[in-house]
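Notes follow once the structure below has been shown.
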Amino acid sequence: MIRTTLLPLTMSMIVATTLATPAASGQQAVQSQQAGQSLRGGHSAEAQWLNTLPADLPIVVRVGGMQQATNNLVTMMRAMSPNLAEQLGSQIQAAVSEFTRSLGAGQGEAAALVLIDVVSPDEFGNQIELEGANLQITPRAIAVFQTQDYRGALASIAGQQNLQLEQRDGYEVVTTGNGERIFAVQKQGFAAVTQYEDLIKKVSTAPEQNLGQTLSDEMKSHFLDGDLGIYVDLASINKAYADQGEQLRGFLRQQVDQIREENPETAQQIRTAYQQVFKAAENAQCMAANASFAEKGLSVSGKLVMQEDYAPIRQIAEQGDDPADELGKLPRGSAYYSFNMLDPETLEWSMIPSGNQLEVDFPEIAKVLDSPEFDQAKEQFRKAGLMRSSASLGLGESRQGICVIDAENAPALIEAVRSSVEAIKGRDFSLIKDLSIETEAQKHEGYTFDKITATYDFDAFTQEVEEQTEGVKNQVQQNIDNENINQNIDLALSDRPIDREEAVAALRRIVGQSTTLWVGTDGSKALSVLAENWEDAQSQIDAYLANDQGIGETESFQKVRAELPDRVRSLTMVDVQTGFRQILGELRQATEEKNLRAPKQTPERPTMIGMAVVAEPDGLRFKSFMPSEVGPVIEKGIVPLVEKQLQQRQNQGQ
């Protein structure tokens with residue numbers, strides 16, 4: 001269980017570090033040039049075949065040369081895990097080589113494979129079957145591959161040497177060895193094969209508008225680059241499934257209404273979540289992405305295109321981006337590092353439900369939002385202006401973190417934090433027993449810090465959770481007209497009863513009795529430091545100000561950062577090695593199992609993975625990178641520990 005920090009205390013810090021979205025890079029001309037170069041390169045055959053596909057295909061998945069992609073994958077496996085590569089690498093390569101040979105790709109050649117998912121809405125109900133607790137989905141797809149021997153490939157797929165082709169209007173029908181029929185067509189050196197006749201008709205005739213016309217050069221590049229590629233027409237899916245989407249909305253509304261009577265807080269959370277998902281889906285146009293395997297690691301990049309009139313993306317794109325240099329100055333020893341940009345003027349405050357909407361479900365939150373202190377906090381937050389936030393956070397037993405915010409008006413941001421705390425103080429929240437703020441509690445290196453402390457009431461919190469769990473169970477059982485199922489639910493819960501005293505003790509060990517934030521400014525920057533005491537807070541501040549102990553000085557950070565865009569709107573870096581050890585520390589605290597530690601052979605140096613997002617006027621461009629050095633952490637640390645734990649449980653079961 002990952003410890004939850006006291007984010008409600010600093011509303012402005014939350015927004016600055018978690019709600020920011022990427023901004024424009026101003027490199028579209030360069031991207032367009034790179035896209036053109038990509039299309040003129042090794043993907044000309046695949047790009048040409050896009051001109052024969054209808055433009056309304058919802059999902060297209062590409063393997064850019066099966067044999068080459070496999071070789072690249074095995075190369076990456078060798079760098080990440082030599083043992084795994086030795087065990088499986090040659091087998092994978094041999095299997096793929098035999099498969100491509102059977103498709104008529106030729107000795108040593110790699111077939112370009114495209115899977116086109118074209119599930120139609122009117123068959124949606126037939127595509128999903130529930131068997132017990134398992135959800136089974138039967139996809140409808142067409143396999144498209146490059147071949148030098150069309151008949152030989154069909155014979156291999158059909159399992160018949162003496163292939164009999166039935167000619168129809170522009171395509172062929174083949175009966176397989178077990179009596180099933182498959183439909184195929186050959187076009188420009190590619191073969192398309194499917195089990196569905198309506199789908200082969202769709203690709204066998206010349207489309208009025210083809211996929212090559214629909215995709216921009218930039219999106220083609222994202223789709224055709226790398227070893228794997230995917231293109232998703234989100235707008236067509238949203239339109240095609242409009243009726244199903246509305247049915248889903250109605251179903252969710254009905255479920256929320258039923259839950260509200262017993263558990264209003266959960267109902268509100270579900271309602272907010274699905275509303276946000278539907279809003280994003282309605283404004284999404286398409287997405288293209290690719291993955292590349294290499295000795296240095298795994299790269300994934302792509303772009304999500306939004307509707308032209310989607311104001312939030314356009315507004316943040318206009319604000320620009322940043323090199324995120326401040327992130328590398330943050331002290332080492334944390335698992336999570338993030339950079340974000342935020343302009344309060346782009347926040348949709350209207351999305352926050354009004355007090356009237358929340359009065360029944362969340363009376364205390366409604367009082368906070370309707371309070372003059374909260375109104376004052378919003379106004380002060382706006383005055384803070386554009387912010388660049390760099391934050392680090394330790395996981396598990398490492399109860400520390402630091403957030404550096406470069407704001408246009410840092411003192412206004414501190415005032416917003418103070419007003420937020422005053423708005424929350426005295427409210428009846430089950431988890432927070434007491435909330436206090438001591439202004440100007442400490443001064444250090446030109447900064448003046450407030451001390452904000454939250455004391456927890458885990459007894460009240462666990463009691464509320466227990467009551468909510470019972471309420472949800474009763475609500476579920478009321479809607480199930482099956483006595484056996486209801487008895488099984490009671491039996492399952494009785495076998496795993498919630499021991500409130502044990503839960504309270506575990507929470508105290510993990511979280512502690514309280515959480516303290518030190519929030520201050522030197523007039524130009526704002527610092528927020530999570531620490532148990534001032535000495536620990538001062539140590540983090542000094543490490544940041546020294547500018548010679550930052551995570552950016554490590555080899556892993558530099559390697560990953562070099563693979564990501566130079567200027568970003570959002571940048572996330574995770575130290576897998578440190579996070580693994582810190583989470584184990586938290587588990588030791590929760591379970592009091594002192595031997596729960598990383599194996600001795602686990603690498604000790606920071607091992608980062610990273611993801612960056614850049615906002616452009618028409619959408620979000622993203623890239624992530626996982627270096628090969630992550631492999632030994634998994635192979636020598638995580639896997640042996642998991643195997644050990646499973647073996648211990650198996651021995652206990654015997």
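Scheme for the structure tokens: letters A, B, ... for chains in order shown; per-chain residue numbers from 1; ligand numbers from 1 in order shown.
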
Show me, as CSV, the residues of region 364-431 of chain A having an atom within 9 Å of region 321-325 of chain A, each with the closest atom pair and its distance in Å, using only C-alpha atoms.
residue,atom,partner,partner_atom,distance
A:Arg388,CA,A:Ala324,CA,8.2
A:Ser389,CA,A:Ala324,CA,8.8
A:Ser390,CA,A:Ala324,CA,7.7

Check: Residues at most 8 Å from region 151-157 of chain A, counting only C-alpha atoms, excluding those fewer than 3 positions away in the same chain, as a list of chain:residue names?
Finding: A:Ser102, A:Leu103, A:Gly104, A:Thr147, A:Gln160, A:Gln161, A:Asn162, A:Leu163, A:Val174, A:Thr176

Go ahead and save the residues from that selection, with N, CA, C and O atoms, as an mmCIF file, in the first residue's frame.
data_model
loop_
_atom_site.group_PDB
_atom_site.id
_atom_site.type_symbol
_atom_site.label_atom_id
_atom_site.label_comp_id
_atom_site.auth_asym_id
_atom_site.auth_seq_id
_atom_site.Cartn_x
_atom_site.Cartn_y
_atom_site.Cartn_z
ATOM 1 N N SER A 102 5.945 -19.290 -43.788
ATOM 2 C CA SER A 102 4.671 -19.897 -44.175
ATOM 3 C C SER A 102 3.747 -18.900 -44.863
ATOM 4 O O SER A 102 2.854 -19.292 -45.610
ATOM 5 N N LEU A 103 3.981 -17.611 -44.617
ATOM 6 C CA LEU A 103 3.170 -16.583 -45.264
ATOM 7 C C LEU A 103 3.720 -16.185 -46.625
ATOM 8 O O LEU A 103 3.206 -15.256 -47.256
ATOM 9 N N GLY A 104 4.810 -16.830 -47.028
ATOM 10 C CA GLY A 104 5.368 -16.526 -48.330
ATOM 11 C C GLY A 104 6.205 -15.274 -48.350
ATOM 12 O O GLY A 104 6.319 -14.605 -49.381
ATOM 13 N N THR A 147 3.526 -10.503 -49.052
ATOM 14 C CA THR A 147 3.834 -11.879 -49.430
ATOM 15 C C THR A 147 4.277 -11.951 -50.885
ATOM 16 O O THR A 147 3.832 -11.164 -51.724
ATOM 17 N N GLN A 160 -4.364 -26.628 -46.096
ATOM 18 C CA GLN A 160 -4.646 -27.515 -47.224
ATOM 19 C C GLN A 160 -3.601 -27.309 -48.310
ATOM 20 O O GLN A 160 -3.348 -26.176 -48.730
ATOM 21 N N GLN A 161 -3.006 -28.417 -48.754
ATOM 22 C CA GLN A 161 -2.010 -28.316 -49.819
ATOM 23 C C GLN A 161 -2.669 -28.080 -51.175
ATOM 24 O O GLN A 161 -2.195 -27.280 -51.980
ATOM 25 N N ASN A 162 -3.730 -28.801 -51.438
ATOM 26 C CA ASN A 162 -4.452 -28.641 -52.704
ATOM 27 C C ASN A 162 -5.533 -27.578 -52.520
ATOM 28 O O ASN A 162 -6.698 -27.874 -52.235
ATOM 29 N N LEU A 163 -5.120 -26.344 -52.646
ATOM 30 C CA LEU A 163 -6.002 -25.229 -52.333
ATOM 31 C C LEU A 163 -7.019 -25.005 -53.451
ATOM 32 O O LEU A 163 -6.672 -24.957 -54.631
ATOM 33 N N VAL A 174 -11.929 -19.371 -49.357
ATOM 34 C CA VAL A 174 -11.163 -20.596 -49.138
ATOM 35 C C VAL A 174 -11.832 -21.373 -48.010
ATOM 36 O O VAL A 174 -12.174 -20.809 -46.962
ATOM 37 N N THR A 176 -11.292 -24.092 -45.197
ATOM 38 C CA THR A 176 -10.182 -24.662 -44.442
ATOM 39 C C THR A 176 -10.387 -26.145 -44.222
ATOM 40 O O THR A 176 -11.437 -26.709 -44.550
#

Checklist line | Residue neighbourhood Thr75 (chain A), 9 Å, only C-alpha atoms, exclusion window fewer than 5 positions, as a VMD selection string | finding: chain A and resid 70 80 85 89 293 to 295

I need the chosen residues saved as a PDB file, in the first residue's frame, with all heavy atoms.
ATOM      1  N   THR A  70      11.205  -8.754 -34.398  1.00  0.00           N
ATOM      2  CA  THR A  70      11.559  -9.828 -33.472  1.00  0.00           C
ATOM      3  C   THR A  70      13.036  -9.771 -33.102  1.00  0.00           C
ATOM      4  O   THR A  70      13.406  -9.918 -31.929  1.00  0.00           O
ATOM      5  CB  THR A  70      11.227 -11.195 -34.085  1.00  0.00           C
ATOM      6  OG1 THR A  70       9.844 -11.239 -34.409  1.00  0.00           O
ATOM      7  CG2 THR A  70      11.547 -12.319 -33.117  1.00  0.00           C
ATOM      8  N   MET A  80      18.483  -6.399 -21.315  1.00  0.00           N
ATOM      9  CA  MET A  80      17.728  -6.298 -20.074  1.00  0.00           C
ATOM     10  C   MET A  80      17.884  -7.539 -19.209  1.00  0.00           C
ATOM     11  O   MET A  80      18.024  -7.447 -17.982  1.00  0.00           O
ATOM     12  CB  MET A  80      16.242  -6.068 -20.370  1.00  0.00           C
ATOM     13  CG  MET A  80      15.905  -4.685 -20.868  1.00  0.00           C
ATOM     14  SD  MET A  80      14.110  -4.429 -20.916  1.00  0.00           S
ATOM     15  CE  MET A  80      14.037  -2.669 -21.254  1.00  0.00           C
ATOM     16  N   ALA A  85      16.761 -13.963 -22.327  1.00  0.00           N
ATOM     17  CA  ALA A  85      17.032 -13.990 -23.762  1.00  0.00           C
ATOM     18  C   ALA A  85      17.620 -15.330 -24.180  1.00  0.00           C
ATOM     19  O   ALA A  85      17.289 -15.856 -25.250  1.00  0.00           O
ATOM     20  CB  ALA A  85      17.985 -12.849 -24.123  1.00  0.00           C
ATOM     21  N   GLY A  89      14.999 -16.337 -26.455  1.00  0.00           N
ATOM     22  CA  GLY A  89      15.308 -15.548 -27.639  1.00  0.00           C
ATOM     23  C   GLY A  89      15.342 -16.348 -28.921  1.00  0.00           C
ATOM     24  O   GLY A  89      14.658 -16.018 -29.913  1.00  0.00           O
ATOM     25  N   PHE A 293      12.054  -1.293 -30.139  1.00  0.00           N
ATOM     26  CA  PHE A 293      12.912  -2.113 -29.300  1.00  0.00           C
ATOM     27  C   PHE A 293      14.367  -1.891 -29.715  1.00  0.00           C
ATOM     28  O   PHE A 293      14.685  -1.865 -30.898  1.00  0.00           O
ATOM     29  CB  PHE A 293      12.574  -3.596 -29.450  1.00  0.00           C
ATOM     30  CG  PHE A 293      11.106  -3.909 -29.322  1.00  0.00           C
ATOM     31  CD1 PHE A 293      10.423  -4.565 -30.336  1.00  0.00           C
ATOM     32  CD2 PHE A 293      10.405  -3.531 -28.195  1.00  0.00           C
ATOM     33  CE1 PHE A 293       9.074  -4.856 -30.229  1.00  0.00           C
ATOM     34  CE2 PHE A 293       9.057  -3.816 -28.070  1.00  0.00           C
ATOM     35  CZ  PHE A 293       8.387  -4.475 -29.085  1.00  0.00           C
ATOM     36  N   ALA A 294      15.243  -1.740 -28.745  1.00  0.00           N
ATOM     37  CA  ALA A 294      16.659  -1.543 -29.056  1.00  0.00           C
ATOM     38  C   ALA A 294      17.489  -1.968 -27.859  1.00  0.00           C
ATOM     39  O   ALA A 294      16.974  -2.174 -26.753  1.00  0.00           O
ATOM     40  CB  ALA A 294      16.943  -0.084 -29.406  1.00  0.00           C
ATOM     41  N   GLU A 295      18.789  -2.103 -28.083  1.00  0.00           N
ATOM     42  CA  GLU A 295      19.688  -2.495 -27.002  1.00  0.00           C
ATOM     43  C   GLU A 295      19.639  -1.495 -25.853  1.00  0.00           C
ATOM     44  O   GLU A 295      19.758  -1.866 -24.689  1.00  0.00           O
ATOM     45  CB  GLU A 295      21.117  -2.617 -27.530  1.00  0.00           C
ATOM     46  CG  GLU A 295      22.114  -3.128 -26.501  1.00  0.00           C
ATOM     47  CD  GLU A 295      23.496  -3.317 -27.078  1.00  0.00           C
ATOM     48  OE1 GLU A 295      23.678  -3.012 -28.279  1.00  0.00           O
ATOM     49  OE2 GLU A 295      24.398  -3.768 -26.340  1.00  0.00           O
TER      50      GLU A 295
END

Check: Hey, which of A:Leu413, A:Ile313, A:Val574, A:Leu224 ends up closest to Gly394 (chain A)? Count only C-alpha atoms.
Finding: A:Val574

Note to self: Which residues are close to Gly170 (chain A), i.e. within 9 Å by only C-alpha atoms, leaving aside same-chain residues fewer than 4 positions away? Reply as a PyMOL selection string.
What the structure shows: chain A and resi 185+201+204-205

Would you mind exporting the chosen residues as a PDB file, in the first residue's frame, restricted to N, CA and C atoms?
ATOM      1  N   VAL A 185      -8.009 -11.395 -50.294  1.00  0.00           N
ATOM      2  CA  VAL A 185      -7.813 -10.591 -51.482  1.00  0.00           C
ATOM      3  C   VAL A 185      -6.344 -10.216 -51.563  1.00  0.00           C
ATOM      4  N   LYS A 201     -15.071  -7.424 -48.243  1.00  0.00           N
ATOM      5  CA  LYS A 201     -15.685  -6.552 -49.238  1.00  0.00           C
ATOM      6  C   LYS A 201     -15.277  -5.098 -49.005  1.00  0.00           C
ATOM      7  N   SER A 204     -11.655  -4.830 -50.382  1.00  0.00           N
ATOM      8  CA  SER A 204     -11.373  -5.333 -51.726  1.00  0.00           C
ATOM      9  C   SER A 204     -11.750  -4.322 -52.802  1.00  0.00           C
ATOM     10  N   THR A 205     -12.626  -3.383 -52.461  1.00  0.00           N
ATOM     11  CA  THR A 205     -13.032  -2.371 -53.427  1.00  0.00           C
ATOM     12  C   THR A 205     -12.300  -1.061 -53.143  1.00  0.00           C
TER      13      THR A 205
END

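Nearest to Arg314 (chain A) of all the residues A:Gln463, A:Thr346, A:Ser436, A:Thr591 is A:Thr346, counting only C-alpha atoms.
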
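Residues in contact range of Asp309 (chain A), defined as at most 10 Å between only C-alpha atoms, with sequence neighbours fewer than 3 positions away removed, read Asn283, Met306, Pro312, Ile313, Arg314, Pro617 and Asp618 of chain A.
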
Next item on the list: In Å, rounded to a single decimal, give me how far CA of Val144 (chain A) is from CA of Val63 (chain A).
Entry: 10.3 Å

Next item on the list: Find the spatial neighbours of Pro207 (chain A), counting only C-alpha atoms, within a cut-off of 9 Å - ignore same-chain residues fewer than 3 positions away - and output them as a ChimeraX atom specification.
Entry: /A:51-55,202-204,210

Next item on the list: Find the residues near Ala281 (chain A): any atom within 9 Å, counting only C-alpha atoms, skip ones fewer than 6 places away on the same chain, and give them as a PyMOL selection string.
Entry: chain A and resi 234-235+238

Checklist line | region 70-257 of chain A: residues DSSP assigns to alpha helix (DSSP H), reported as a PyMOL selection string | finding: chain A and resi 70-80+82-102+124-127+150-158+197-204+211-214+217-224+234-240+242-257

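All residues in region 157-210 of chain A with a DSSP state of strand (DSSP E), computed from the backbone, read Leu165, Glu166, Gln167, Glu172, Val173, Val174, Thr175, Arg181, Ile182, Phe183, Ala184, Val185, Gln186, Lys187, Phe190, Ala191, Ala192, Val193 and Thr194 of chain A.
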
Take the residues from that selection and put them in a file with N, CA and C atoms, as a CSV table (one decimal), in the first residue's frame.
chain,number,residue,atom,x,y,z
A,165,LEU,N,-9.7,-22.3,-54.7
A,165,LEU,CA,-10.2,-20.9,-54.5
A,165,LEU,C,-11.5,-20.7,-55.2
A,166,GLU,N,-12.5,-20.2,-54.5
A,166,GLU,CA,-13.7,-19.8,-55.1
A,166,GLU,C,-13.7,-18.3,-55.4
A,167,GLN,N,-13.8,-17.9,-56.6
A,167,GLN,CA,-13.7,-16.6,-57.0
A,167,GLN,C,-15.1,-15.9,-56.8
A,172,GLU,N,-11.5,-13.8,-53.0
A,172,GLU,CA,-11.6,-15.3,-53.0
A,172,GLU,C,-12.1,-15.8,-51.7
A,173,VAL,N,-12.7,-17.0,-51.8
A,173,VAL,CA,-13.2,-17.7,-50.6
A,173,VAL,C,-12.4,-19.1,-50.6
A,174,VAL,N,-11.9,-19.4,-49.4
A,174,VAL,CA,-11.2,-20.6,-49.1
A,174,VAL,C,-11.8,-21.4,-48.0
A,175,THR,N,-12.0,-22.7,-48.2
A,175,THR,CA,-12.5,-23.5,-47.2
A,175,THR,C,-11.4,-24.2,-46.5
A,181,ARG,N,-14.8,-21.2,-43.5
A,181,ARG,CA,-14.5,-20.4,-44.7
A,181,ARG,C,-13.7,-19.2,-44.3
A,182,ILE,N,-12.7,-18.8,-45.1
A,182,ILE,CA,-11.9,-17.6,-44.9
A,182,ILE,C,-12.0,-16.8,-46.2
A,183,PHE,N,-11.9,-15.5,-46.1
A,183,PHE,CA,-12.0,-14.7,-47.3
A,183,PHE,C,-10.7,-13.9,-47.5
A,184,ALA,N,-10.3,-13.7,-48.7
A,184,ALA,CA,-9.0,-13.1,-49.0
A,184,ALA,C,-9.0,-12.3,-50.2
A,185,VAL,N,-8.0,-11.4,-50.3
A,185,VAL,CA,-7.8,-10.6,-51.5
A,185,VAL,C,-6.3,-10.2,-51.6
A,186,GLN,N,-5.8,-10.1,-52.8
A,186,GLN,CA,-4.4,-9.7,-53.0
A,186,GLN,C,-4.4,-8.3,-53.7
A,187,LYS,N,-3.6,-7.4,-53.1
A,187,LYS,CA,-3.5,-6.0,-53.6
A,187,LYS,C,-2.1,-5.5,-53.4
A,190,PHE,N,0.4,-7.3,-51.2
A,190,PHE,CA,-0.1,-7.6,-49.9
A,190,PHE,C,-1.3,-8.6,-50.0
A,191,ALA,N,-1.5,-9.4,-49.0
A,191,ALA,CA,-2.7,-10.2,-48.9
A,191,ALA,C,-3.5,-9.8,-47.7
A,192,ALA,N,-4.8,-9.8,-47.8
A,192,ALA,CA,-5.7,-9.5,-46.7
A,192,ALA,C,-6.6,-10.7,-46.5
A,193,VAL,N,-6.6,-11.2,-45.2
A,193,VAL,CA,-7.4,-12.4,-44.9
A,193,VAL,C,-8.2,-12.2,-43.7
A,194,THR,N,-9.5,-12.7,-43.7
A,194,THR,CA,-10.4,-12.5,-42.6
A,194,THR,C,-11.4,-13.6,-42.6
